[in-house]
Structure formats: structure tokens, C-alpha cells
$ cat start_12.cif   # mmCIF, C-alpha atoms (C1' of nucleotides); chains and numbers go by the auth columns
data_start
loop_
_atom_site.group_PDB
_atom_site.id
_atom_site.type_symbol
_atom_site.label_atom_id
_atom_site.label_comp_id
_atom_site.label_asym_id
_atom_site.label_seq_id
_atom_site.Cartn_x
_atom_site.Cartn_y
_atom_site.Cartn_z
_atom_site.B_iso_or_equiv
_atom_site.auth_seq_id
_atom_site.auth_asym_id
ATOM 1 C CA MET A 1 25.540 1.911 25.102 0.00 1 A
ATOM 2 C CA PRO A 2 26.156 5.677 24.952 0.00 2 A
ATOM 3 C CA THR A 3 24.059 7.708 27.364 0.00 3 A
ATOM 4 C CA GLU A 4 25.566 11.142 26.912 0.00 4 A
ATOM 5 C CA VAL A 5 26.508 13.051 23.824 0.00 5 A
ATOM 6 C CA THR A 6 30.291 12.825 24.192 0.00 6 A
ATOM 7 C CA THR A 7 30.121 9.025 24.453 0.00 7 A
ATOM 8 C CA LEU A 8 27.776 8.906 21.475 0.00 8 A
ATOM 9 C CA TYR A 9 30.147 11.080 19.447 0.00 9 A
ATOM 10 C CA GLN A 10 33.127 8.869 20.245 0.00 10 A
ATOM 11 C CA HIS A 11 31.098 5.818 19.310 0.00 11 A
ATOM 12 C CA LEU A 12 30.176 7.218 15.877 0.00 12 A
ATOM 13 C CA LYS A 13 33.657 8.592 15.266 0.00 13 A
ATOM 14 C CA LYS A 14 35.186 5.140 15.633 0.00 14 A
ATOM 15 C CA LEU A 15 33.118 3.950 12.665 0.00 15 A
ATOM 16 C CA ASP A 16 34.964 6.395 10.362 0.00 16 A
ATOM 17 C CA LEU A 17 31.650 7.215 8.638 0.00 17 A
ATOM 18 C CA LEU A 18 32.888 10.260 6.714 0.00 18 A
ATOM 19 C CA LYS A 19 35.905 8.698 5.025 0.00 19 A
ATOM 20 C CA HIS A 20 34.417 9.206 1.538 0.00 20 A
ATOM 21 C CA SER A 21 32.676 12.541 2.261 0.00 21 A
ATOM 22 C CA PRO A 22 33.850 16.118 1.613 0.00 22 A
ATOM 23 C CA THR A 23 35.554 17.860 4.547 0.00 23 A
ATOM 24 C CA TYR A 24 32.385 19.648 5.639 0.00 24 A
ATOM 25 C CA TRP A 25 30.178 16.732 4.519 0.00 25 A
ATOM 26 C CA TRP A 26 27.513 18.713 2.568 0.00 26 A
ATOM 27 C CA PRO A 27 28.476 19.044 -1.130 0.00 27 A
ATOM 28 C CA ASN A 28 29.519 22.576 -2.140 0.00 28 A
ATOM 29 C CA TYR A 29 29.647 23.772 1.486 0.00 29 A
ATOM 30 C CA GLY A 30 29.330 27.536 1.843 0.00 30 A
ATOM 31 C CA THR A 31 27.581 28.189 -1.483 0.00 31 A
ATOM 32 C CA PHE A 32 24.088 29.307 -2.497 0.00 32 A
ATOM 33 C CA GLU A 33 23.557 25.839 -3.938 0.00 33 A
ATOM 34 C CA VAL A 34 23.360 24.509 -0.364 0.00 34 A
ATOM 35 C CA ILE A 35 20.275 26.667 0.242 0.00 35 A
ATOM 36 C CA ILE A 36 18.590 25.221 -2.839 0.00 36 A
ATOM 37 C CA GLY A 37 19.483 21.716 -1.659 0.00 37 A
ATOM 38 C CA ALA A 38 18.235 22.398 1.875 0.00 38 A
ATOM 39 C CA ILE A 39 14.758 23.258 0.564 0.00 39 A
ATOM 40 C CA LEU A 40 14.641 20.569 -2.113 0.00 40 A
ATOM 41 C CA THR A 41 15.599 17.791 0.296 0.00 41 A
ATOM 42 C CA GLN A 42 12.604 18.416 2.561 0.00 42 A
ATOM 43 C CA ASN A 43 10.903 15.015 2.903 0.00 43 A
ATOM 44 C CA THR A 44 12.804 13.931 -0.209 0.00 44 A
ATOM 45 C CA THR A 45 15.744 11.625 -0.889 0.00 45 A
ATOM 46 C CA TRP A 46 19.088 13.233 -1.693 0.00 46 A
ATOM 47 C CA LYS A 47 19.318 11.211 -4.916 0.00 47 A
ATOM 48 C CA ASN A 48 16.267 13.065 -6.240 0.00 48 A
ATOM 49 C CA VAL A 49 17.727 16.390 -5.117 0.00 49 A
ATOM 50 C CA GLU A 50 20.878 15.638 -7.106 0.00 50 A
ATOM 51 C CA LYS A 51 18.807 15.202 -10.271 0.00 51 A
ATOM 52 C CA SER A 52 17.186 18.603 -9.714 0.00 52 A
ATOM 53 C CA LEU A 53 20.510 20.305 -9.004 0.00 53 A
ATOM 54 C CA GLN A 54 21.860 18.771 -12.196 0.00 54 A
ATOM 55 C CA ASN A 55 18.908 20.247 -14.122 0.00 55 A
ATOM 56 C CA LEU A 56 19.626 23.684 -12.671 0.00 56 A
ATOM 57 C CA GLN A 57 23.138 23.549 -14.132 0.00 57 A
ATOM 58 C CA LYS A 58 24.606 27.059 -14.004 0.00 58 A
ATOM 59 C CA HIS A 59 21.715 28.635 -12.084 0.00 59 A
ATOM 60 C CA THR A 60 23.044 27.687 -8.657 0.00 60 A
ATOM 61 C CA THR A 61 24.439 31.092 -7.695 0.00 61 A
ATOM 62 C CA LEU A 62 22.117 33.750 -6.234 0.00 62 A
ATOM 63 C CA GLU A 63 22.383 36.103 -9.218 0.00 63 A
ATOM 64 C CA ASN A 64 21.858 33.353 -11.791 0.00 64 A
ATOM 65 C CA PHE A 65 19.055 31.797 -9.790 0.00 65 A
ATOM 66 C CA LEU A 66 17.204 35.126 -9.800 0.00 66 A
ATOM 67 C CA GLN A 67 17.137 34.978 -13.609 0.00 67 A
ATOM 68 C CA LEU A 68 14.893 31.904 -13.549 0.00 68 A
ATOM 69 C CA ASP A 69 11.155 32.175 -14.082 0.00 69 A
ATOM 70 C CA GLU A 70 8.847 30.060 -11.947 0.00 70 A
ATOM 71 C CA GLU A 71 7.791 27.624 -14.686 0.00 71 A
ATOM 72 C CA THR A 72 11.378 26.867 -15.696 0.00 72 A
ATOM 73 C CA LEU A 73 12.298 26.301 -12.069 0.00 73 A
ATOM 74 C CA LYS A 74 9.311 24.017 -11.469 0.00 74 A
ATOM 75 C CA ASN A 75 10.364 21.916 -14.441 0.00 75 A
ATOM 76 C CA ALA A 76 13.970 21.708 -13.273 0.00 76 A
ATOM 77 C CA ILE A 77 13.140 20.619 -9.731 0.00 77 A
ATOM 78 C CA LYS A 78 10.393 18.134 -10.622 0.00 78 A
ATOM 79 C CA PRO A 79 12.514 15.069 -9.700 0.00 79 A
ATOM 80 C CA SER A 80 12.658 16.190 -6.052 0.00 80 A
ATOM 81 C CA GLY A 81 8.889 16.517 -5.644 0.00 81 A
ATOM 82 C CA PHE A 82 6.589 19.166 -4.127 0.00 82 A
ATOM 83 C CA TYR A 83 7.687 21.438 -6.978 0.00 83 A
ATOM 84 C CA ASN A 84 4.524 23.544 -6.956 0.00 84 A
ATOM 85 C CA GLN A 85 5.366 24.826 -3.491 0.00 85 A
ATOM 86 C CA LYS A 86 9.165 24.564 -3.483 0.00 86 A
ATOM 87 C CA ALA A 87 9.632 26.638 -6.661 0.00 87 A
ATOM 88 C CA PRO A 88 7.782 29.804 -5.542 0.00 88 A
ATOM 89 C CA ARG A 89 9.251 29.531 -2.036 0.00 89 A
ATOM 90 C CA LEU A 90 12.804 29.278 -3.383 0.00 90 A
ATOM 91 C CA LEU A 91 12.316 32.244 -5.698 0.00 91 A
ATOM 92 C CA GLN A 92 10.814 34.370 -2.921 0.00 92 A
ATOM 93 C CA LEU A 93 13.696 33.412 -0.625 0.00 93 A
ATOM 94 C CA ALA A 94 16.260 34.405 -3.256 0.00 94 A
ATOM 95 C CA LYS A 95 14.499 37.734 -3.810 0.00 95 A
ATOM 96 C CA ASN A 96 14.373 38.418 -0.070 0.00 96 A
ATOM 97 C CA ILE A 97 18.085 37.658 0.304 0.00 97 A
ATOM 98 C CA LYS A 98 18.814 40.179 -2.447 0.00 98 A
ATOM 99 C CA LYS A 99 16.400 42.750 -0.986 0.00 99 A
ATOM 100 C CA ASP A 100 17.476 42.497 2.673 0.00 100 A
ATOM 101 C CA PHE A 101 21.214 41.772 2.323 0.00 101 A
ATOM 102 C CA GLY A 102 22.187 42.930 -1.175 0.00 102 A
ATOM 103 C CA SER A 103 24.443 39.985 -1.919 0.00 103 A
ATOM 104 C CA PHE A 104 24.936 36.343 -1.049 0.00 104 A
ATOM 105 C CA GLU A 105 28.166 37.136 0.819 0.00 105 A
ATOM 106 C CA GLU A 106 26.471 39.749 3.032 0.00 106 A
ATOM 107 C CA PHE A 107 23.664 37.283 3.654 0.00 107 A
ATOM 108 C CA THR A 108 26.036 34.594 4.930 0.00 108 A
ATOM 109 C CA CYS A 109 27.697 37.040 7.363 0.00 109 A
ATOM 110 C CA LYS A 110 24.619 38.784 8.687 0.00 110 A
ATOM 111 C CA VAL A 111 21.564 36.509 8.515 0.00 111 A
ATOM 112 C CA SER A 112 19.964 35.355 11.763 0.00 112 A
ATOM 113 C CA LYS A 113 17.897 32.277 12.477 0.00 113 A
ATOM 114 C CA GLU A 114 14.931 34.573 13.174 0.00 114 A
ATOM 115 C CA TRP A 115 15.163 36.001 9.641 0.00 115 A
ATOM 116 C CA LEU A 116 15.308 32.530 8.143 0.00 116 A
ATOM 117 C CA LEU A 117 12.266 31.339 10.129 0.00 117 A
ATOM 118 C CA GLU A 118 10.243 34.257 8.754 0.00 118 A
ATOM 119 C CA GLN A 119 10.714 32.885 5.232 0.00 119 A
ATOM 120 C CA LYS A 120 7.949 30.669 3.885 0.00 120 A
ATOM 121 C CA GLY A 121 9.257 27.148 3.423 0.00 121 A
ATOM 122 C CA ILE A 122 11.970 27.333 6.080 0.00 122 A
ATOM 123 C CA GLY A 123 11.398 25.652 9.453 0.00 123 A
ATOM 124 C CA GLU A 124 13.769 24.822 12.305 0.00 124 A
ATOM 125 C CA GLU A 125 15.734 22.165 10.461 0.00 125 A
ATOM 126 C CA SER A 126 16.156 23.984 7.146 0.00 126 A
ATOM 127 C CA ALA A 127 17.137 27.177 8.997 0.00 127 A
ATOM 128 C CA ASP A 128 19.865 25.336 10.901 0.00 128 A
ATOM 129 C CA ALA A 129 21.018 23.484 7.770 0.00 129 A
ATOM 130 C CA ILE A 130 21.464 26.842 6.023 0.00 130 A
ATOM 131 C CA LEU A 131 23.241 28.365 9.033 0.00 131 A
ATOM 132 C CA CYS A 132 25.529 25.352 9.382 0.00 132 A
ATOM 133 C CA TYR A 133 26.307 24.449 5.768 0.00 133 A
ATOM 134 C CA THR A 134 25.860 27.742 3.930 0.00 134 A
ATOM 135 C CA CYS A 135 26.778 30.359 6.553 0.00 135 A
ATOM 136 C CA LYS A 136 29.487 28.267 8.253 0.00 136 A
ATOM 137 C CA ARG A 137 28.069 28.765 11.741 0.00 137 A
ATOM 138 C CA GLY A 138 28.746 26.304 14.550 0.00 138 A
ATOM 139 C CA ILE A 139 25.195 24.965 14.775 0.00 139 A
ATOM 140 C CA MET A 140 23.951 21.388 14.979 0.00 140 A
ATOM 141 C CA VAL A 141 21.256 20.280 12.538 0.00 141 A
ATOM 142 C CA VAL A 142 18.620 17.892 13.873 0.00 142 A
ATOM 143 C CA ASP A 143 16.937 15.828 11.160 0.00 143 A
ATOM 144 C CA SER A 144 15.076 12.520 10.974 0.00 144 A
ATOM 145 C CA TYR A 145 18.355 10.571 10.693 0.00 145 A
ATOM 146 C CA THR A 146 19.627 12.256 13.840 0.00 146 A
ATOM 147 C CA LYS A 147 16.435 11.501 15.771 0.00 147 A
ATOM 148 C CA ARG A 148 16.283 7.922 14.493 0.00 148 A
ATOM 149 C CA THR A 149 19.850 7.291 15.614 0.00 149 A
ATOM 150 C CA LEU A 150 19.279 8.811 19.058 0.00 150 A
ATOM 151 C CA CYS A 151 16.130 6.720 19.365 0.00 151 A
ATOM 152 C CA GLU A 152 18.186 3.585 18.744 0.00 152 A
ATOM 153 C CA PHE A 153 20.436 4.607 21.622 0.00 153 A
ATOM 154 C CA ASN A 154 17.374 5.130 23.817 0.00 154 A
ATOM 155 C CA ILE A 155 17.706 8.900 23.871 0.00 155 A
ATOM 156 C CA HIS A 156 14.360 10.637 23.469 0.00 156 A
ATOM 157 C CA PHE A 157 13.180 14.264 23.557 0.00 157 A
ATOM 158 C CA LYS A 158 9.984 16.078 22.665 0.00 158 A
ATOM 159 C CA THR A 159 11.047 19.256 20.895 0.00 159 A
ATOM 160 C CA TYR A 160 13.593 20.195 18.257 0.00 160 A
ATOM 161 C CA LYS A 161 15.334 22.558 20.672 0.00 161 A
ATOM 162 C CA GLU A 162 15.711 19.803 23.263 0.00 162 A
ATOM 163 C CA TYR A 163 17.407 17.517 20.723 0.00 163 A
ATOM 164 C CA GLN A 164 19.687 20.349 19.647 0.00 164 A
ATOM 165 C CA ALA A 165 20.574 21.343 23.216 0.00 165 A
ATOM 166 C CA PHE A 166 21.522 17.735 24.014 0.00 166 A
ATOM 167 C CA LEU A 167 23.716 17.421 20.918 0.00 167 A
ATOM 168 C CA GLN A 168 25.396 20.788 21.425 0.00 168 A
ATOM 169 C CA ASP A 169 26.262 19.970 25.039 0.00 169 A
ATOM 170 C CA ILE A 170 29.661 18.734 23.919 0.00 170 A
ATOM 171 C CA GLU A 171 33.225 19.930 24.332 0.00 171 A
ATOM 172 C CA CYS A 172 33.429 23.608 23.476 0.00 172 A
ATOM 173 C CA LYS A 173 35.606 24.431 20.481 0.00 173 A
ATOM 174 C CA THR A 174 37.848 27.480 20.665 0.00 174 A
ATOM 175 C CA THR A 175 37.299 29.116 17.292 0.00 175 A
ATOM 176 C CA ILE A 176 34.147 29.523 15.217 0.00 176 A
ATOM 177 C CA GLU A 177 35.879 27.732 12.338 0.00 177 A
ATOM 178 C CA ASP A 178 36.582 24.686 14.503 0.00 178 A
ATOM 179 C CA LYS A 179 33.040 24.704 15.828 0.00 179 A
ATOM 180 C CA ALA A 180 31.541 25.008 12.347 0.00 180 A
ATOM 181 C CA LEU A 181 33.619 22.104 11.083 0.00 181 A
ATOM 182 C CA PHE A 182 32.781 20.031 14.135 0.00 182 A
ATOM 183 C CA TYR A 183 28.992 20.341 13.865 0.00 183 A
ATOM 184 C CA ALA A 184 29.004 20.064 10.081 0.00 184 A
ATOM 185 C CA ARG A 185 30.700 16.670 10.412 0.00 185 A
ATOM 186 C CA PHE A 186 28.827 15.568 13.538 0.00 186 A
ATOM 187 C CA HIS A 187 25.471 15.895 11.765 0.00 187 A
ATOM 188 C CA GLY A 188 26.887 14.195 8.674 0.00 188 A
ATOM 189 C CA MET A 189 27.877 11.243 10.821 0.00 189 A
ATOM 190 C CA PHE A 190 24.248 10.585 11.811 0.00 190 A
ATOM 191 C CA VAL A 191 23.139 10.558 8.172 0.00 191 A
ATOM 192 C CA GLU A 192 25.979 8.273 7.076 0.00 192 A
ATOM 193 C CA TYR A 193 25.361 6.018 10.079 0.00 193 A
ATOM 194 C CA GLN A 194 21.770 5.381 8.945 0.00 194 A
ATOM 195 C CA LYS A 195 22.870 4.864 5.348 0.00 195 A
ATOM 196 C CA LEU A 196 25.518 2.414 6.498 0.00 196 A
ATOM 197 C CA LYS A 197 22.849 0.432 8.333 0.00 197 A
ATOM 198 C CA LYS A 198 20.489 0.540 5.357 0.00 198 A
ATOM 199 C CA TYR A 199 22.890 -0.258 2.527 0.00 199 A
ATOM 200 C CA GLY A 200 25.660 -2.007 4.407 0.00 200 A
ATOM 201 C CA THR A 201 28.364 0.241 2.926 0.00 201 A
ATOM 202 C CA ILE A 202 29.383 3.853 3.343 0.00 202 A
ATOM 203 C CA ARG A 203 28.317 5.800 0.264 0.00 203 A
ATOM 204 C CA LYS A 204 30.819 7.697 -1.826 0.00 204 A
ATOM 205 C "C1'" DG B 1 1.533 -1.868 -5.786 0.00 205 B
ATOM 206 C "C1'" DG B 2 2.565 0.121 -1.336 0.00 206 B
ATOM 207 C "C1'" DC B 3 5.792 2.540 1.457 0.00 207 B
ATOM 208 C "C1'" DC B 4 9.103 5.921 2.364 0.00 208 B
ATOM 209 C "C1'" DA B 5 12.389 9.899 1.787 0.00 209 B
ATOM 210 C "C1'" DG B 6 18.116 14.757 4.970 0.00 210 B
ATOM 211 C "C1'" DG B 7 9.957 18.994 6.368 0.00 211 B
ATOM 212 C "C1'" DT B 8 6.743 22.740 6.253 0.00 212 B
ATOM 213 C "C1'" DG B 9 2.322 25.365 6.299 0.00 213 B
ATOM 214 C "C1'" DT B 10 -2.315 25.344 7.394 0.00 214 B
ATOM 215 C "C1'" DA B 11 -6.546 24.220 9.638 0.00 215 B
ATOM 216 C "C1'" DA B 12 -9.076 22.117 13.047 0.00 216 B
ATOM 217 C "C1'" DA B 13 -9.590 20.176 17.712 0.00 217 B
ATOM 218 C "C1'" DT C 1 -0.617 23.854 22.062 0.00 218 C
ATOM 219 C "C1'" DT C 2 -1.095 19.555 19.729 0.00 219 C
ATOM 220 C "C1'" DT C 3 -2.630 16.732 15.756 0.00 220 C
ATOM 221 C "C1'" DA C 4 -3.942 15.688 10.945 0.00 221 C
ATOM 222 C "C1'" DC C 5 -3.329 16.418 6.368 0.00 222 C
ATOM 223 C "C1'" DA C 6 -1.601 18.054 1.707 0.00 223 C
ATOM 224 C "C1'" DC C 7 2.274 18.476 -0.975 0.00 224 C
ATOM 225 C "C1'" DA C 8 4.848 14.751 -5.465 0.00 225 C
ATOM 226 C "C1'" DT C 9 8.599 12.286 -7.526 0.00 226 C
ATOM 227 C "C1'" DG C 10 11.505 8.110 -7.794 0.00 227 C
ATOM 228 C "C1'" DG C 11 13.701 3.964 -5.633 0.00 228 C
ATOM 229 C "C1'" DC C 12 12.990 -0.323 -3.557 0.00 229 C
#
$ encode --input "start_12.cif" --output "C-alpha cells"
Amino acid sequence: MPTEVTTLYQHLKKLDLLKHSPTYWWPNYGTFEVIIGAILTQNTTWKNVEKSLQNLQKHTTLENFLQLDEETLKNAIKPSGFYNQKAPRLLQLAKNIKKDFGSFEEFTCKVSKEWLLEQKGIGEESADAILCYTCKRGIMVVDSYTKRTLCEFNIHFKTYKEYQAFLQDIECKTTIEDKALFYARFHGMFVEYQKLKKYGTIRK
DNA sequence: GGCCAGGTGTAAA
DNA sequence: TTTACACATGGC
């Protein structure tokens, strides 16, 4: 039974949970589409998010997304629920990225977690998901799958930051690229671990 | 038909 | 500072 994070990591790694996943686990890593997905997946299954992303078709870049009107967006993201609040929040976020950073590329280089937390609709988890999977930062995302897995290993904390500090107390990687890849996959392993338990097979 | 899903904002205690 | 509740669709 793993009691520290390095042991837990080795335990999960042995299961080869990411053998069918993309390198960085989240689909379309590093793109604006990840931001859309990060908001849409809030308290929502990924299957439903995929339907919404499919409906958005070619509007998954920042510039194309900004062309959408609110009603069209609401319609497109209906399958992933909470569309009356997710649509205006996504549009405002896109506008603020354009206003404060000028372009998506500048945003990915310069955005801070503080800036993200000021945006309506982005909390601790979504902010870290965007930093990790859009901005390629070496940051660990803590979601319900992560907490559920830790709970099963009898590891409990109160706050988000405590969970994150525990998970990030692991061998220090030398370059930011290595660190980004490491945490992107580490978080993915928790999600795939829960799916493996639920469905009995690792999803493709 | 009920429960849950890769959370967040708001209001009340 | 903590807790309760609304938000909504689709799969099981």
C-alpha cells in the first residue's frame, strides 16, 4: 500500500494506464481547444464534452471562437450541460485573453494562475488544467478522480493546495519540458486508473 | 426513474 | 471560513 507519492506513482506506472493515450494525455494538448474542454468538462462527463467539441467544428481556435455569438455557442455546447452559464463565461474568457494578451500564443507564455482565477468560471482545478495542458507548465491538476484514488490509498487532505503539494513532492525534473510532460501524464494516470476500475478496460 | 459526471459562483450560517 | 444549493445534459 503506497504511503508516499513516489511509491504511489510507481504503483500506477506499473499498470501502463496511458498505453492508448496521446503523449501528453489530454487531446490536442497545447491548443485553445483545451481551454474550451476544461470549462465544458466541469461536473460533466468527457463523452458529453466530445459531442460539444464536435459541434464547434472549426471554431476551436481563439480567433474563430471569438466569431461565435452567444446563442450559437449555447446550442453547440448543449450536450455538455450548464450551457447557460458556460457559454457566456467562455466568451468572456476568450475576449479577456484577446484584450490582455493580444494572441493565444502570448497568453500561453505569459498568463499566471492569479489571472486565470480572476476569470468567472475558472476555479483552482480549471486554472491548473489550463496551465498544465494548454500552457505546458509543470503543474499537477487535482480533480475528483485524483482525490478518489488517493482516498482509496488512505491518503486524505482538506484543501486543494494540500493535495497538490503532496502530489508535487516528487522527484524534481531538470527541464520545464520534462516537468510538463511528467505532470500531464501523472494526472492522466489517475483518470485512467478510475476508468479502468469502472469499465474493466483502458479506454482508447 | 434515480444517480452521477475530469466544478464553480453565490448566499447564508 | 464553512456549508448548501443551483446549474443541465446524457449514460447507465
$ interface_residues --input "start_12.cif" --of "chain A" --to "chain C" --cutoff "9 Å" --atoms "all atoms listed in the file" --output "list in words"
Thr44, Thr45, Lys47, Asn48, Lys78, Pro79, Ser80, Gly81, Phe82, Tyr83, Asn84 and Gln85 of chain A
$ atom_distance --input "start_12.cif" --atom1 "atom CA of A:Gly123" --atom2 "atom CA of A:Tyr160"
10.6 Å
$ atom_distance --input "start_12.cif" --atom1 "atom CA of A:Asp16" --atom2 "atom CA of A:Phe182"
14.3 Å
$ resolve_selection --input "start_12.cif" --expression "the PyMOL selection byres ((chain A) within 9 of (chain B))" --output "PDB file with C-alpha atoms, in the frame of the given file"
ATOM      1  CA  ALA A  38      18.235  22.398   1.875  1.00  0.00           C
ATOM      2  CA  ILE A  39      14.758  23.258   0.564  1.00  0.00           C
ATOM      3  CA  THR A  41      15.599  17.791   0.296  1.00  0.00           C
ATOM      4  CA  GLN A  42      12.604  18.416   2.561  1.00  0.00           C
ATOM      5  CA  ASN A  43      10.903  15.015   2.903  1.00  0.00           C
ATOM      6  CA  THR A  44      12.804  13.931  -0.209  1.00  0.00           C
ATOM      7  CA  THR A  45      15.744  11.625  -0.889  1.00  0.00           C
ATOM      8  CA  TRP A  46      19.088  13.233  -1.693  1.00  0.00           C
ATOM      9  CA  LYS A 120       7.949  30.669   3.885  1.00  0.00           C
ATOM     10  CA  GLY A 121       9.257  27.148   3.423  1.00  0.00           C
ATOM     11  CA  ILE A 122      11.970  27.333   6.080  1.00  0.00           C
ATOM     12  CA  GLY A 123      11.398  25.652   9.453  1.00  0.00           C
ATOM     13  CA  GLU A 125      15.734  22.165  10.461  1.00  0.00           C
ATOM     14  CA  SER A 126      16.156  23.984   7.146  1.00  0.00           C
ATOM     15  CA  ASP A 143      16.937  15.828  11.160  1.00  0.00           C
ATOM     16  CA  SER A 144      15.076  12.520  10.974  1.00  0.00           C
ATOM     17  CA  TYR A 145      18.355  10.571  10.693  1.00  0.00           C
ATOM     18  CA  VAL A 191      23.139  10.558   8.172  1.00  0.00           C
TER      19      VAL A 191
END
$ closest_residue --input "start_12.cif" --among "A:Ala184, A:Trp115, A:Ile170, A:Phe65" --to "A:Phe101" --atoms "only C-alpha atoms"
A:Trp115
$ resolve_selection --input "start_12.cif" --expression "the PyMOL selection byres ((chain A and resi 178-180) around 10)" --output "PyMOL selection string"
chain A and resi 24+131-133+135-140+171-177+181-186
$ residues_around --input "start_12.cif" --residues "A:Phe104" --least-positions-apart "6" --cutoff "9 Å" --atoms "all atoms listed in the file" --output "JSON, numbers by chain"
{"A": [31, 32, 61, 62, 63, 97, 98]}
$ atom_distance --input "start_12.cif" --atom1 "atom CA of A:Val111" --atom2 "atom CA of A:Gln168"
20.7 Å
$ residues_around --input "start_12.cif" --residues "A:Glu33" --least-positions-apart "4" --cutoff "9 Å" --atoms "all atoms listed in the file" --output "list in words"
Pro27, Asn28, Tyr29, Gly37, Ala38, Leu53, His59, Thr60, Thr61, Leu62 and Thr134 of chain A
$ resolve_selection --input "start_12.cif" --expression "the PyMOL selection byres ((chain A and resi 163) around 10)" --output "PyMOL selection string"
chain A and resi 140-143+146-147+150+155-162+164-168
